[in-house]
file data.txt (compact mmCIF, C-alpha atoms and all ligand atoms)
# COMPACT_ATOMS: atom_id res chain seq x y z
CA MET A 16 7.61 -23.97 -7.78
CA ARG A 17 5.08 -22.11 -9.94
CA ALA A 18 5.71 -18.38 -10.39
CA ALA A 19 4.33 -15.49 -12.48
CA LEU A 20 7.14 -13.61 -14.25
CA PHE A 21 7.41 -11.06 -16.97
CA GLU A 22 10.18 -11.42 -19.47
CA SER A 23 10.10 -7.96 -21.06
CA PHE A 24 8.20 -4.75 -20.46
CA ASN A 25 4.55 -4.57 -21.46
CA GLN A 26 4.32 -8.33 -21.88
CA PRO A 27 1.80 -10.35 -19.87
CA TYR A 28 2.98 -12.39 -16.91
CA VAL A 29 4.01 -15.93 -17.82
CA VAL A 30 3.28 -18.62 -15.24
CA LYS A 31 5.93 -21.33 -15.22
CA ASP A 32 8.12 -23.54 -13.05
CA VAL A 33 11.22 -21.99 -11.53
CA PRO A 34 13.56 -23.30 -8.80
CA VAL A 35 12.70 -22.67 -5.16
CA PRO A 36 15.42 -20.38 -3.70
CA THR A 37 17.84 -22.42 -1.61
CA GLU A 38 20.69 -19.97 -0.91
CA LEU A 39 19.54 -17.54 1.79
CA HIS A 40 21.34 -14.42 2.94
CA PRO A 41 21.61 -14.23 6.74
CA TYR A 42 18.78 -11.66 6.81
CA GLN A 43 16.41 -13.62 4.58
CA MET A 44 13.45 -15.85 5.34
CA LEU A 45 11.80 -18.19 2.84
CA LEU A 46 8.01 -18.15 3.00
CA ARG A 47 5.54 -20.64 1.63
CA THR A 48 3.38 -17.96 0.13
CA GLY A 49 -0.21 -17.88 1.35
CA ALA A 50 -1.30 -14.74 -0.47
CA ALA A 51 0.27 -11.93 -2.49
CA GLY A 52 -1.43 -8.59 -3.09
CA PHE A 53 -1.48 -6.99 -6.54
CA CYS A 54 -0.44 -3.34 -6.35
CA HIS A 55 -0.69 -0.48 -8.83
CA THR A 56 3.11 -0.26 -8.60
CA ASP A 57 3.34 -3.81 -9.99
CA GLU A 58 1.57 -2.54 -13.09
CA LEU A 59 3.93 0.45 -13.32
CA ILE A 60 6.88 -1.94 -13.12
CA ARG A 61 5.47 -4.38 -15.70
CA THR A 62 4.69 -1.61 -18.15
CA GLY A 63 8.06 0.15 -17.83
CA GLY A 64 6.77 3.09 -15.76
CA MET A 65 9.33 2.62 -12.98
CA PRO A 66 13.13 2.94 -13.16
CA VAL A 67 13.75 -0.80 -13.34
CA SER A 68 16.66 -2.25 -15.26
CA LEU A 69 15.30 -5.64 -16.21
CA LYS A 70 18.28 -7.98 -16.13
CA HIS A 71 16.43 -11.26 -15.91
CA ASP A 72 12.93 -12.69 -15.89
CA LEU A 73 11.35 -10.97 -12.94
CA ILE A 74 8.77 -12.46 -10.60
CA GLY A 75 6.27 -9.71 -9.80
CA GLY A 76 4.61 -8.68 -6.55
CA HIS A 77 5.70 -7.15 -3.24
CA GLU A 78 2.86 -7.76 -0.76
CA PRO A 79 3.49 -11.25 0.65
CA ALA A 80 1.96 -13.14 3.54
CA GLY A 81 2.85 -16.73 4.31
CA THR A 82 4.52 -19.27 6.55
CA VAL A 83 8.25 -19.29 7.33
CA VAL A 84 9.81 -22.51 5.97
CA ASP A 85 13.51 -21.59 6.07
CA LEU A 86 15.56 -18.73 7.46
CA GLY A 87 19.05 -17.23 7.52
CA GLU A 88 21.18 -17.06 10.65
CA ASP A 89 20.44 -13.41 11.49
CA ALA A 90 16.69 -14.00 11.20
CA ALA A 91 17.00 -17.01 13.54
CA LYS A 92 19.18 -15.02 15.96
CA TYR A 93 16.43 -12.41 16.29
CA GLY A 94 13.78 -14.95 17.23
CA TRP A 95 12.10 -15.77 13.93
CA HIS A 96 11.34 -19.44 13.44
CA ILE A 97 9.95 -22.01 11.03
CA GLY A 98 6.17 -22.26 11.06
CA GLN A 99 5.61 -18.61 11.95
CA ARG A 100 2.84 -16.81 10.03
CA VAL A 101 4.14 -13.49 8.73
CA GLY A 102 3.66 -10.72 6.21
CA ALA A 103 6.45 -8.48 4.93
CA LEU A 104 7.11 -5.10 3.38
CA GLY A 105 8.89 -5.17 0.03
CA TYR A 106 12.26 -3.85 1.23
CA MET A 107 15.12 -6.36 1.01
CA GLY A 108 18.66 -5.92 2.35
CA TYR A 109 18.67 -2.76 4.50
CA CYS A 110 22.25 -1.48 4.80
CA GLY A 111 21.86 -0.82 8.52
CA THR A 112 24.50 1.91 8.44
CA CYS A 113 23.02 4.87 6.55
CA PRO A 114 21.57 7.79 8.58
CA ASP A 115 18.00 6.75 7.76
CA CYS A 116 18.56 3.13 8.85
CA LYS A 117 20.18 4.36 12.08
CA ASP A 118 17.20 6.63 12.77
CA GLY A 119 14.66 3.85 12.20
CA ARG A 120 13.45 5.27 8.88
CA LEU A 121 14.27 2.01 7.14
CA ASN A 122 11.80 2.75 4.34
CA TYR A 123 14.17 5.52 3.19
CA CYS A 124 17.34 3.38 3.10
CA THR A 125 19.06 4.23 -0.16
CA LYS A 126 21.66 1.46 0.06
CA LEU A 127 19.54 -1.66 0.04
CA SER A 128 22.28 -4.25 -0.43
CA ASP A 129 22.15 -6.87 -3.19
CA GLY A 130 18.39 -6.92 -2.83
CA GLY A 131 16.32 -3.84 -3.21
CA PHE A 132 12.60 -4.00 -3.56
CA LEU A 133 10.61 -7.18 -4.14
CA GLY A 134 9.28 -7.54 -7.66
CA MET A 135 11.26 -4.53 -8.82
CA SER A 136 14.98 -5.08 -8.26
CA CYS A 137 14.85 -8.59 -6.81
CA GLN A 138 12.47 -11.51 -7.25
CA GLY A 139 8.95 -10.82 -6.07
CA VAL A 140 6.24 -12.85 -4.45
CA PHE A 141 3.84 -14.06 -7.17
CA SER A 142 5.31 -17.52 -6.54
CA GLU A 143 4.59 -20.51 -4.31
CA TYR A 144 7.66 -19.65 -2.23
CA CYS A 145 9.26 -16.26 -1.77
CA LEU A 146 12.15 -14.60 0.03
CA VAL A 147 11.63 -11.69 2.42
CA ASP A 148 13.91 -9.68 4.75
CA TYR A 149 13.18 -10.55 8.39
CA ARG A 150 13.55 -6.85 9.24
CA SER A 151 10.59 -6.15 6.90
CA ALA A 152 8.47 -8.91 8.42
CA VAL A 153 5.66 -8.70 10.96
CA GLU A 154 4.15 -11.72 12.72
CA LEU A 155 0.44 -12.06 11.96
CA PRO A 156 -2.26 -12.52 14.58
CA ASP A 157 -3.94 -15.95 14.36
CA THR A 158 -7.21 -14.23 13.56
CA MET A 159 -5.83 -12.61 10.40
CA SER A 160 -5.90 -14.67 7.18
CA PHE A 161 -3.11 -14.42 4.62
CA VAL A 162 -5.56 -12.95 2.11
CA GLU A 163 -6.53 -10.20 4.55
CA ALA A 164 -2.95 -9.60 5.63
CA ALA A 165 -1.18 -9.34 2.26
CA PRO A 166 -2.78 -6.01 1.17
CA LEU A 167 -1.73 -4.43 4.46
CA PHE A 168 1.96 -4.73 3.57
CA CYS A 169 1.87 -2.09 0.84
CA ALA A 170 -1.58 -0.58 0.28
CA GLY A 171 -2.46 -0.64 3.98
CA ALA A 172 0.98 0.36 5.25
CA THR A 173 1.09 3.24 2.77
CA MET A 174 -2.19 4.68 4.02
CA TYR A 175 -1.43 4.16 7.70
CA ASN A 176 1.93 5.89 7.27
CA ALA A 177 0.28 8.75 5.35
CA ILE A 178 -2.21 9.28 8.20
CA LEU A 179 0.67 9.38 10.72
CA THR A 180 2.60 11.72 8.42
CA ALA A 181 -0.33 14.18 8.47
CA LYS A 182 0.31 14.58 12.24
CA GLN A 183 -3.24 15.62 13.11
CA PRO A 184 -4.80 15.54 16.59
CA GLN A 185 -7.75 13.20 17.22
CA GLY A 186 -11.00 14.80 16.11
CA ALA A 187 -9.39 16.59 13.17
CA ILE A 188 -11.16 16.36 9.81
CA LEU A 189 -9.12 14.09 7.56
CA GLY A 190 -9.95 13.58 3.91
CA ILE A 191 -8.87 10.79 1.59
CA VAL A 192 -9.21 11.41 -2.14
CA GLY A 193 -9.41 8.13 -4.02
CA LEU A 194 -11.36 5.26 -2.44
CA GLY A 195 -9.74 2.42 -4.37
CA ALA A 196 -7.43 -0.29 -3.09
CA LEU A 197 -5.59 2.17 -0.82
CA GLY A 198 -8.34 4.62 0.03
CA HIS A 199 -10.94 2.09 1.20
CA LEU A 200 -8.40 0.92 3.79
CA GLY A 201 -7.27 4.45 4.69
CA VAL A 202 -10.77 5.70 5.58
CA GLN A 203 -11.24 2.77 7.97
CA PHE A 204 -7.87 3.26 9.66
CA ALA A 205 -8.52 7.01 10.02
CA LYS A 206 -12.00 6.50 11.49
CA SER A 207 -10.80 3.91 13.99
CA MET A 208 -7.95 6.27 14.94
CA GLY A 209 -10.45 8.92 16.00
CA TYR A 210 -10.59 11.27 13.03
CA VAL A 211 -13.63 12.76 11.38
CA VAL A 212 -13.25 11.15 7.95
CA VAL A 213 -14.22 12.44 4.52
CA GLY A 214 -13.88 10.02 1.58
CA VAL A 215 -13.81 11.28 -1.99
CA ASP A 216 -13.98 9.55 -5.35
CA ALA A 217 -15.38 10.29 -8.79
CA ARG A 218 -16.66 6.79 -9.51
CA ASP A 219 -19.86 5.15 -8.22
CA GLU A 220 -18.45 1.72 -7.23
CA PRO A 221 -15.73 2.87 -4.79
CA ILE A 222 -18.13 5.40 -3.19
CA GLU A 223 -20.77 2.70 -2.67
CA LEU A 224 -18.13 0.34 -1.27
CA ALA A 225 -16.89 2.98 1.19
CA LYS A 226 -20.45 3.75 2.35
CA SER A 227 -21.09 0.05 3.00
CA LEU A 228 -18.15 -0.37 5.41
CA LYS A 229 -18.63 -0.81 9.17
CA LEU A 230 -16.03 1.96 9.48
CA ALA A 231 -17.59 4.05 6.70
CA PRO A 232 -16.40 7.67 6.35
CA HIS A 233 -18.49 10.26 8.18
CA LEU A 234 -19.00 11.91 4.79
CA CYS A 235 -18.57 10.55 1.25
CA LEU A 236 -18.15 13.08 -1.55
CA ASP A 237 -18.55 12.60 -5.28
CA ALA A 238 -15.86 14.80 -6.85
CA ARG A 239 -18.00 15.12 -9.99
CA GLU A 240 -20.38 17.33 -8.01
CA GLY A 241 -17.72 20.04 -7.70
CA VAL A 242 -15.83 21.88 -4.99
CA GLU A 243 -18.62 24.23 -3.87
CA SER A 244 -21.03 21.56 -2.66
CA ALA A 245 -18.11 19.63 -1.15
CA THR A 246 -17.00 22.67 0.84
CA LYS A 247 -20.52 23.18 2.20
CA ALA A 248 -20.85 19.52 3.22
CA ILE A 249 -17.45 19.57 4.98
CA ALA A 250 -18.32 22.82 6.80
CA ALA A 251 -21.50 21.18 8.11
CA LEU A 252 -19.39 18.50 9.84
CA ASN A 253 -18.25 21.09 12.37
CA PRO A 254 -20.05 24.47 12.13
CA GLU A 255 -17.93 25.80 15.05
CA LYS A 256 -14.66 25.42 13.14
CA PRO A 257 -13.08 28.86 12.60
CA PHE A 258 -11.91 28.00 9.09
CA PRO A 259 -13.95 25.40 7.20
CA GLY A 260 -12.33 22.60 5.22
CA LEU A 261 -10.24 19.49 5.79
CA ASP A 262 -7.40 19.75 8.31
CA ALA A 263 -5.44 17.27 6.21
CA CYS A 264 -6.05 15.58 2.90
CA ILE A 265 -4.34 12.46 1.60
CA VAL A 266 -4.43 12.12 -2.19
CA ALA A 267 -4.34 8.38 -2.85
CA THR A 268 -4.88 8.39 -6.60
CA ASP A 269 -2.73 9.34 -9.56
CA TRP A 270 -5.57 11.19 -11.32
CA ILE A 271 -4.02 14.67 -11.75
CA PRO A 272 -7.16 16.81 -11.11
CA SER A 273 -7.54 15.16 -7.69
CA PHE A 274 -4.51 17.06 -6.32
CA GLN A 275 -6.13 20.43 -7.10
CA TYR A 276 -9.41 19.15 -5.70
CA GLY A 277 -7.60 18.14 -2.50
CA LEU A 278 -6.08 21.61 -2.19
CA ASP A 279 -9.44 23.27 -2.83
CA ILE A 280 -11.17 21.47 0.05
CA LEU A 281 -8.33 21.98 2.57
CA THR A 282 -8.73 24.45 5.42
CA ARG A 283 -6.33 27.35 5.95
CA HIS A 284 -3.03 26.05 7.44
CA GLY A 285 -3.97 22.55 6.22
CA THR A 286 -1.72 19.70 5.11
CA LEU A 287 -1.79 17.88 1.78
CA ILE A 288 -0.19 14.42 1.76
CA VAL A 289 0.92 13.09 -1.63
CA VAL A 290 0.62 9.32 -1.96
CA GLY A 291 -0.56 8.91 -5.59
CA GLN A 292 2.21 8.61 -8.14
CA PRO A 293 1.11 10.10 -11.47
CA ALA A 294 3.49 9.86 -14.41
CA GLU A 295 3.03 13.59 -15.03
CA LYS A 296 4.16 16.48 -12.83
CA ILE A 297 1.62 17.64 -10.25
CA PRO A 298 0.71 21.26 -11.04
CA PHE A 299 0.37 23.66 -8.08
CA HIS A 300 -0.12 27.41 -8.30
CA PHE A 301 1.73 29.39 -5.64
CA SER A 302 -1.47 31.10 -4.56
CA ASP A 303 -2.93 27.72 -3.58
CA LEU A 304 -0.10 27.27 -1.10
CA ILE A 305 0.99 30.72 0.08
CA PHE A 306 -2.27 32.47 0.94
CA LYS A 307 -3.65 29.46 2.83
CA ASP A 308 -0.30 28.45 4.42
CA ILE A 309 -0.58 24.93 3.03
CA THR A 310 2.00 22.24 3.80
CA VAL A 311 2.57 19.65 1.06
CA LYS A 312 4.32 16.46 2.13
CA GLY A 313 5.10 13.11 0.52
CA SER A 314 4.70 9.77 2.26
CA LEU A 315 6.58 6.59 1.25
CA LEU A 316 5.17 3.18 2.19
CA ALA A 317 6.03 2.68 5.89
CA SER A 318 8.83 1.71 8.23
CA PRO A 319 8.62 -1.84 9.60
CA GLU A 320 7.86 -0.29 13.00
CA ASN A 321 4.81 1.57 11.64
CA CYS A 322 3.73 -1.53 9.71
CA LYS A 323 3.81 -3.57 12.94
CA ALA A 324 1.68 -0.90 14.63
CA LEU A 325 -0.79 -1.14 11.73
CA ILE A 326 -1.15 -4.93 12.02
CA GLU A 327 -1.81 -4.53 15.77
CA HIS A 328 -4.32 -1.76 15.05
CA VAL A 329 -6.21 -3.77 12.42
CA ALA A 330 -6.41 -6.78 14.76
CA LEU A 331 -8.24 -4.60 17.31
CA HIS A 332 -10.73 -2.86 15.00
CA PRO A 333 -13.45 -4.02 12.59
CA VAL A 334 -11.44 -3.11 9.48
CA GLU A 335 -12.84 -4.80 6.37
CA ILE A 336 -10.23 -5.59 3.75
CA LYS A 337 -12.25 -5.87 0.55
CA VAL A 338 -10.45 -8.26 -1.78
CA LYS A 339 -11.05 -10.20 -4.94
CA THR A 340 -8.88 -13.30 -5.08
CA TYR A 341 -7.29 -14.96 -8.11
CA LYS A 342 -5.32 -18.14 -8.61
CA LEU A 343 -1.72 -17.76 -9.80
CA ASP A 344 -2.70 -19.21 -13.20
CA ASP A 345 -5.22 -16.36 -13.58
CA VAL A 346 -2.84 -13.40 -13.21
CA THR A 347 -3.50 -12.23 -16.76
CA GLU A 348 -7.21 -11.97 -15.95
CA MET A 349 -6.29 -10.07 -12.76
CA VAL A 350 -4.23 -7.55 -14.76
CA HIS A 351 -7.11 -7.14 -17.22
CA ASP A 352 -9.61 -6.58 -14.40
CA LEU A 353 -7.43 -3.88 -12.80
CA HIS A 354 -8.02 -1.69 -15.86
CA GLN A 355 -11.81 -2.03 -15.85
CA PRO A 356 -13.79 1.08 -14.87
CA GLY A 357 -15.86 -0.74 -12.22
CA MET A 358 -12.72 -1.94 -10.39
CA LYS A 359 -13.02 -1.71 -6.61
CA GLY A 360 -11.21 -3.04 -3.54
CA LYS A 361 -7.96 -4.94 -3.68
CA PHE A 362 -6.82 -7.85 -5.85
CA VAL A 363 -4.91 -10.69 -4.23
CA VAL A 364 -3.30 -13.87 -5.57
CA GLU A 365 -4.28 -16.72 -3.25
CA PHE A 366 -2.14 -19.83 -3.09
CA GLU A 367 -3.05 -23.41 -2.31
CA GLN A 368 -1.59 -24.33 1.06
CA THR A 369 -0.97 -27.97 0.19
CA GLN A 370 2.09 -27.77 -2.06
CA VAL A 371 5.40 -29.19 -0.85
CA LEU A 372 8.99 -28.21 -1.65
ZN ZN B 1 2.73 -1.57 -3.61
ZN ZN B 2 20.28 2.05 5.07

call {"tool": "encode", "arguments": {"input": "data.txt", "output": "structure tokens"}}
result
Amino acid sequence: MRAALFESFNQPYVVKDVPVPTELHPYQMLLRTGAAGFCHTDELIRTGGMPVSLKHDLIGGHEPAGTVVDLGEDAAKYGWHIGQRVGALGYMGYCGTCPDCKDGRLNYCTKLSDGGFLGMSCQGVFSEYCLVDYRSAVELPDTMSFVEAAPLFCAGATMYNAILTAKQPQGAILGIVGLGALGHLGVQFAKSMGYVVVGVDARDEPIELAKSLKLAPHLCLDAREGVESATKAIAALNPEKPFPGLDACIVATDWIPSFQYGLDILTRHGTLIVVGQPAEKIPFHFSDLIFKDITVKGSLLASPENCKALIEHVALHPVEIKVKTYKLDDVTEMVHDLHQPGMKGKFVVEFEQTQVL
């Protein structure tokens, strides 16, 4: 099968033939890959920005969607079958015994056995066939294409989980800073979940894209225009609100000034959700937190249960998953495009569906 691997850090992906996996663990399913999303984390991994010990040529990618073509005995026992259309989170080999696994917080399992995370500590999904853990998989509705589905299994799941983590009642004002691959999905989920949504970016293209969506934010802010005008515009969304500002703000970018911006537009007693992963430390001054009683909370991808809820939610609402597709042979171009200033939406590797084992 054809696969895109990197052989050492900071080197471009190399597309070449590698064997199709034949030995499956009981919990594994082999997919004929239909589509594989390209995530910012893939770039961090390729460029050495994640704690990865590269022991072998690594196939990148962790947002797969495809058709089940083989499966281990546990996967079969739990009702999965050949021919099923699925997507999967990147987690592989949950231990099943740690306190987080027992409590259903599988995304926090720290003992992922002989697997780990796709494209980081085990082979990823930029390949014509890929292995996933059936416990990470969600069956796709017939109406959802692989290209639409793939970005939901990291970018989408991350934003959906962050919105749930904010624990806000319907009607609350929820802001999302960063309207890129993650944020453009997050604003649509939040709006269809009944929130008053404020989208923020400091670039023209993502703001225009967000405004064009059927589920466009109620208010789009350009961070370059400063906090004062932003605060006024947010206050106008609900003049009756005792304390103006966002009830919760999800920072979905790793641009350091955006965290302070998020804090500045939060209401008193508000919640800041950290999703962006900057290489540098995030600077907070105590006065930003103490005098406004601000809660700061991190959010990590999503549990399979929450991911399943997301897929069901997206199937019922007019969520537009804005993608640009690439062929596997064009991954180098895809990496190049990710670093262009006009970048918007989500990049996805789309596979031919005619290849055979
Ligand atoms: Zn990701
Ligand atoms: Zn565990």

call {"tool": "residues_around", "arguments": {"input": "data.txt", "residues": "Ala217 of chain A", "least_positions_apart": "6", "cutoff": "10 Å", "atoms": "only C-alpha atoms", "output": "ChimeraX atom specification"}}
result
/A:192-194,236-240,273

call {"tool": "residues_near_ligand", "arguments": {"input": "data.txt", "ligand": "ligand ZN 1 (chain B)", "cutoff": "12 Å", "atoms": "all atoms listed in the file", "output": "ChimeraX atom specification"}}
result
/A:51-60,75-79,103-106,132-135,139-140,165-174,196-197,290-292,315-317,361-363

call {"tool": "residues_near_point", "arguments": {"input": "data.txt", "point": "(0.8, -20.2, -22.1)", "cutoff": "12 Å", "atoms": "all atoms listed in the file", "output": "PyMOL selection string"}}
result
chain A and resi 19+27-31+344-347

call {"tool": "atom_distance", "arguments": {"input": "data.txt", "atom1": "atom CA of Gly130 of chain A", "atom2": "atom CA of Asp148 of chain A"}}
result
9.2 Å

call {"tool": "atom_distance", "arguments": {"input": "data.txt", "atom1": "atom CA of Leu73 of chain A", "atom2": "atom CA of Glu163 of chain A"}}
result
25.0 Å

call {"tool": "residues_near_ligand", "arguments": {"input": "data.txt", "ligand": "ligand ZN 2 (chain B)", "cutoff": "12 Å", "atoms": "all atoms listed in the file", "output": "JSON, numbers by chain"}}
result
{"A": [106, 107, 108, 109, 110, 111, 112, 113, 114, 115, 116, 117, 118, 119, 120, 121, 122, 123, 124, 125, 126, 127, 128, 131, 150, 318]}

call {"tool": "closest_residue", "arguments": {"input": "data.txt", "among": "A:Ala181, A:Leu20, A:Val33, A:Met349", "to": "Arg61 of chain A", "atoms": "only C-alpha atoms"}}
result
A:Leu20

call {"tool": "residues_around", "arguments": {"input": "data.txt", "residues": "Ile249 of chain A", "least_positions_apart": "3", "cutoff": "9 Å", "atoms": "all atoms listed in the file", "output": "PyMOL selection string"}}
result
chain A and resi 188+213+234+244-246+252-253+259-261+280

call {"tool": "atom_distance", "arguments": {"input": "data.txt", "atom1": "atom CA of Phe258 of chain A", "atom2": "atom CA of Lys206 of chain A"}}
result
21.6 Å

call {"tool": "residues_around", "arguments": {"input": "data.txt", "residues": "His199 of chain A", "least_positions_apart": "4", "cutoff": "12 Å", "atoms": "all atoms listed in the file", "output": "PDB file with C-alpha atoms, in the coordinates of the input"}}
result
ATOM      1  CA  PRO A 166      -2.780  -6.010   1.170  1.00  0.00           C
ATOM      2  CA  LEU A 167      -1.730  -4.430   4.460  1.00  0.00           C
ATOM      3  CA  ALA A 170      -1.580  -0.580   0.280  1.00  0.00           C
ATOM      4  CA  GLY A 171      -2.460  -0.640   3.980  1.00  0.00           C
ATOM      5  CA  MET A 174      -2.190   4.680   4.020  1.00  0.00           C
ATOM      6  CA  TYR A 175      -1.430   4.160   7.700  1.00  0.00           C
ATOM      7  CA  GLY A 190      -9.950  13.580   3.910  1.00  0.00           C
ATOM      8  CA  ILE A 191      -8.870  10.790   1.590  1.00  0.00           C
ATOM      9  CA  VAL A 192      -9.210  11.410  -2.140  1.00  0.00           C
ATOM     10  CA  GLY A 193      -9.410   8.130  -4.020  1.00  0.00           C
ATOM     11  CA  LEU A 194     -11.360   5.260  -2.440  1.00  0.00           C
ATOM     12  CA  GLY A 195      -9.740   2.420  -4.370  1.00  0.00           C
ATOM     13  CA  GLN A 203     -11.240   2.770   7.970  1.00  0.00           C
ATOM     14  CA  PHE A 204      -7.870   3.260   9.660  1.00  0.00           C
ATOM     15  CA  ALA A 205      -8.520   7.010  10.020  1.00  0.00           C
ATOM     16  CA  LYS A 206     -12.000   6.500  11.490  1.00  0.00           C
ATOM     17  CA  VAL A 212     -13.250  11.150   7.950  1.00  0.00           C
ATOM     18  CA  VAL A 213     -14.220  12.440   4.520  1.00  0.00           C
ATOM     19  CA  GLY A 214     -13.880  10.020   1.580  1.00  0.00           C
ATOM     20  CA  VAL A 215     -13.810  11.280  -1.990  1.00  0.00           C
ATOM     21  CA  ASP A 216     -13.980   9.550  -5.350  1.00  0.00           C
ATOM     22  CA  GLU A 220     -18.450   1.720  -7.230  1.00  0.00           C
ATOM     23  CA  PRO A 221     -15.730   2.870  -4.790  1.00  0.00           C
ATOM     24  CA  ILE A 222     -18.130   5.400  -3.190  1.00  0.00           C
ATOM     25  CA  GLU A 223     -20.770   2.700  -2.670  1.00  0.00           C
ATOM     26  CA  LEU A 224     -18.130   0.340  -1.270  1.00  0.00           C
ATOM     27  CA  ALA A 225     -16.890   2.980   1.190  1.00  0.00           C
ATOM     28  CA  LYS A 226     -20.450   3.750   2.350  1.00  0.00           C
ATOM     29  CA  SER A 227     -21.090   0.050   3.000  1.00  0.00           C
ATOM     30  CA  LEU A 228     -18.150  -0.370   5.410  1.00  0.00           C
ATOM     31  CA  LYS A 229     -18.630  -0.810   9.170  1.00  0.00           C
ATOM     32  CA  LEU A 230     -16.030   1.960   9.480  1.00  0.00           C
ATOM     33  CA  ALA A 231     -17.590   4.050   6.700  1.00  0.00           C
ATOM     34  CA  PRO A 232     -16.400   7.670   6.350  1.00  0.00           C
ATOM     35  CA  CYS A 235     -18.570  10.550   1.250  1.00  0.00           C
ATOM     36  CA  ALA A 267      -4.340   8.380  -2.850  1.00  0.00           C
ATOM     37  CA  THR A 268      -4.880   8.390  -6.600  1.00  0.00           C
ATOM     38  CA  VAL A 334     -11.440  -3.110   9.480  1.00  0.00           C
ATOM     39  CA  GLU A 335     -12.840  -4.800   6.370  1.00  0.00           C
ATOM     40  CA  ILE A 336     -10.230  -5.590   3.750  1.00  0.00           C
ATOM     41  CA  LYS A 337     -12.250  -5.870   0.550  1.00  0.00           C
ATOM     42  CA  VAL A 338     -10.450  -8.260  -1.780  1.00  0.00           C
ATOM     43  CA  LYS A 359     -13.020  -1.710  -6.610  1.00  0.00           C
ATOM     44  CA  GLY A 360     -11.210  -3.040  -3.540  1.00  0.00           C
ATOM     45  CA  LYS A 361      -7.960  -4.940  -3.680  1.00  0.00           C
TER      46      LYS A 361
END

call {"tool": "closest_residue", "arguments": {"input": "data.txt", "among": "A:Met65, A:Met159, A:Val266, A:Val350", "to": "Glu327 of chain A", "atoms": "all atoms listed in the file"}}
result
A:Met159

call {"tool": "residues_near_point", "arguments": {"input": "data.txt", "point": "(19.2, -17.2, 11.4)", "cutoff": "10 Å", "atoms": "all atoms listed in the file", "output": "list in words"}}
result
Leu39, His40, Pro41, Tyr42, Gln43, Met44, Asp85, Leu86, Gly87, Glu88, Asp89, Ala90, Ala91, Lys92, Tyr93, Gly94, Trp95, His96 and Tyr149 of chain A

call {"tool": "write_last_selection", "arguments": {"input": "data.txt", "atoms": "C-alpha atoms", "output": "PDB file, keeping the file's coordinate frame"}}
result
ATOM      1  CA  LEU A  39      19.540 -17.540   1.790  1.00  0.00           C
ATOM      2  CA  HIS A  40      21.340 -14.420   2.940  1.00  0.00           C
ATOM      3  CA  PRO A  41      21.610 -14.230   6.740  1.00  0.00           C
ATOM      4  CA  TYR A  42      18.780 -11.660   6.810  1.00  0.00           C
ATOM      5  CA  GLN A  43      16.410 -13.620   4.580  1.00  0.00           C
ATOM      6  CA  MET A  44      13.450 -15.850   5.340  1.00  0.00           C
ATOM      7  CA  ASP A  85      13.510 -21.590   6.070  1.00  0.00           C
ATOM      8  CA  LEU A  86      15.560 -18.730   7.460  1.00  0.00           C
ATOM      9  CA  GLY A  87      19.050 -17.230   7.520  1.00  0.00           C
ATOM     10  CA  GLU A  88      21.180 -17.060  10.650  1.00  0.00           C
ATOM     11  CA  ASP A  89      20.440 -13.410  11.490  1.00  0.00           C
ATOM     12  CA  ALA A  90      16.690 -14.000  11.200  1.00  0.00           C
ATOM     13  CA  ALA A  91      17.000 -17.010  13.540  1.00  0.00           C
ATOM     14  CA  LYS A  92      19.180 -15.020  15.960  1.00  0.00           C
ATOM     15  CA  TYR A  93      16.430 -12.410  16.290  1.00  0.00           C
ATOM     16  CA  GLY A  94      13.780 -14.950  17.230  1.00  0.00           C
ATOM     17  CA  TRP A  95      12.100 -15.770  13.930  1.00  0.00           C
ATOM     18  CA  HIS A  96      11.340 -19.440  13.440  1.00  0.00           C
ATOM     19  CA  TYR A 149      13.180 -10.550   8.390  1.00  0.00           C
TER      20      TYR A 149
END

call {"tool": "closest_residue", "arguments": {"input": "data.txt", "among": "A:Gly241, A:Pro36, A:Gly198, A:Gly102", "to": "Cys322 of chain A", "atoms": "only C-alpha atoms"}}
result
A:Gly102

call {"tool": "axis_aligned_box", "arguments": {"input": "data.txt", "around": "segment 171-177 of chain A", "padding_each_side": "8 Å", "output": "AutoDock Vina command-line options"}}
result
--center_x -0.3 --center_y 4.1 --center_z 5.2 --size_x 20.4 --size_y 25.4 --size_z 20.9

call {"tool": "closest_residue", "arguments": {"input": "data.txt", "among": "A:Lys256, A:Arg218, A:Lys247, A:Lys342", "to": "Pro356 of chain A", "atoms": "all atoms listed in the file"}}
result
A:Arg218

call {"tool": "closest_residue", "arguments": {"input": "data.txt", "among": "A:Ala250, A:Ala187, A:Cys137, A:Val364", "to": "Lys339 of chain A", "atoms": "only C-alpha atoms"}}
result
A:Val364

call {"tool": "closest_residue", "arguments": {"input": "data.txt", "among": "A:Ile97, A:Val147, A:Val289, A:Ala251", "to": "Ser314 of chain A", "atoms": "all atoms listed in the file"}}
result
A:Val289
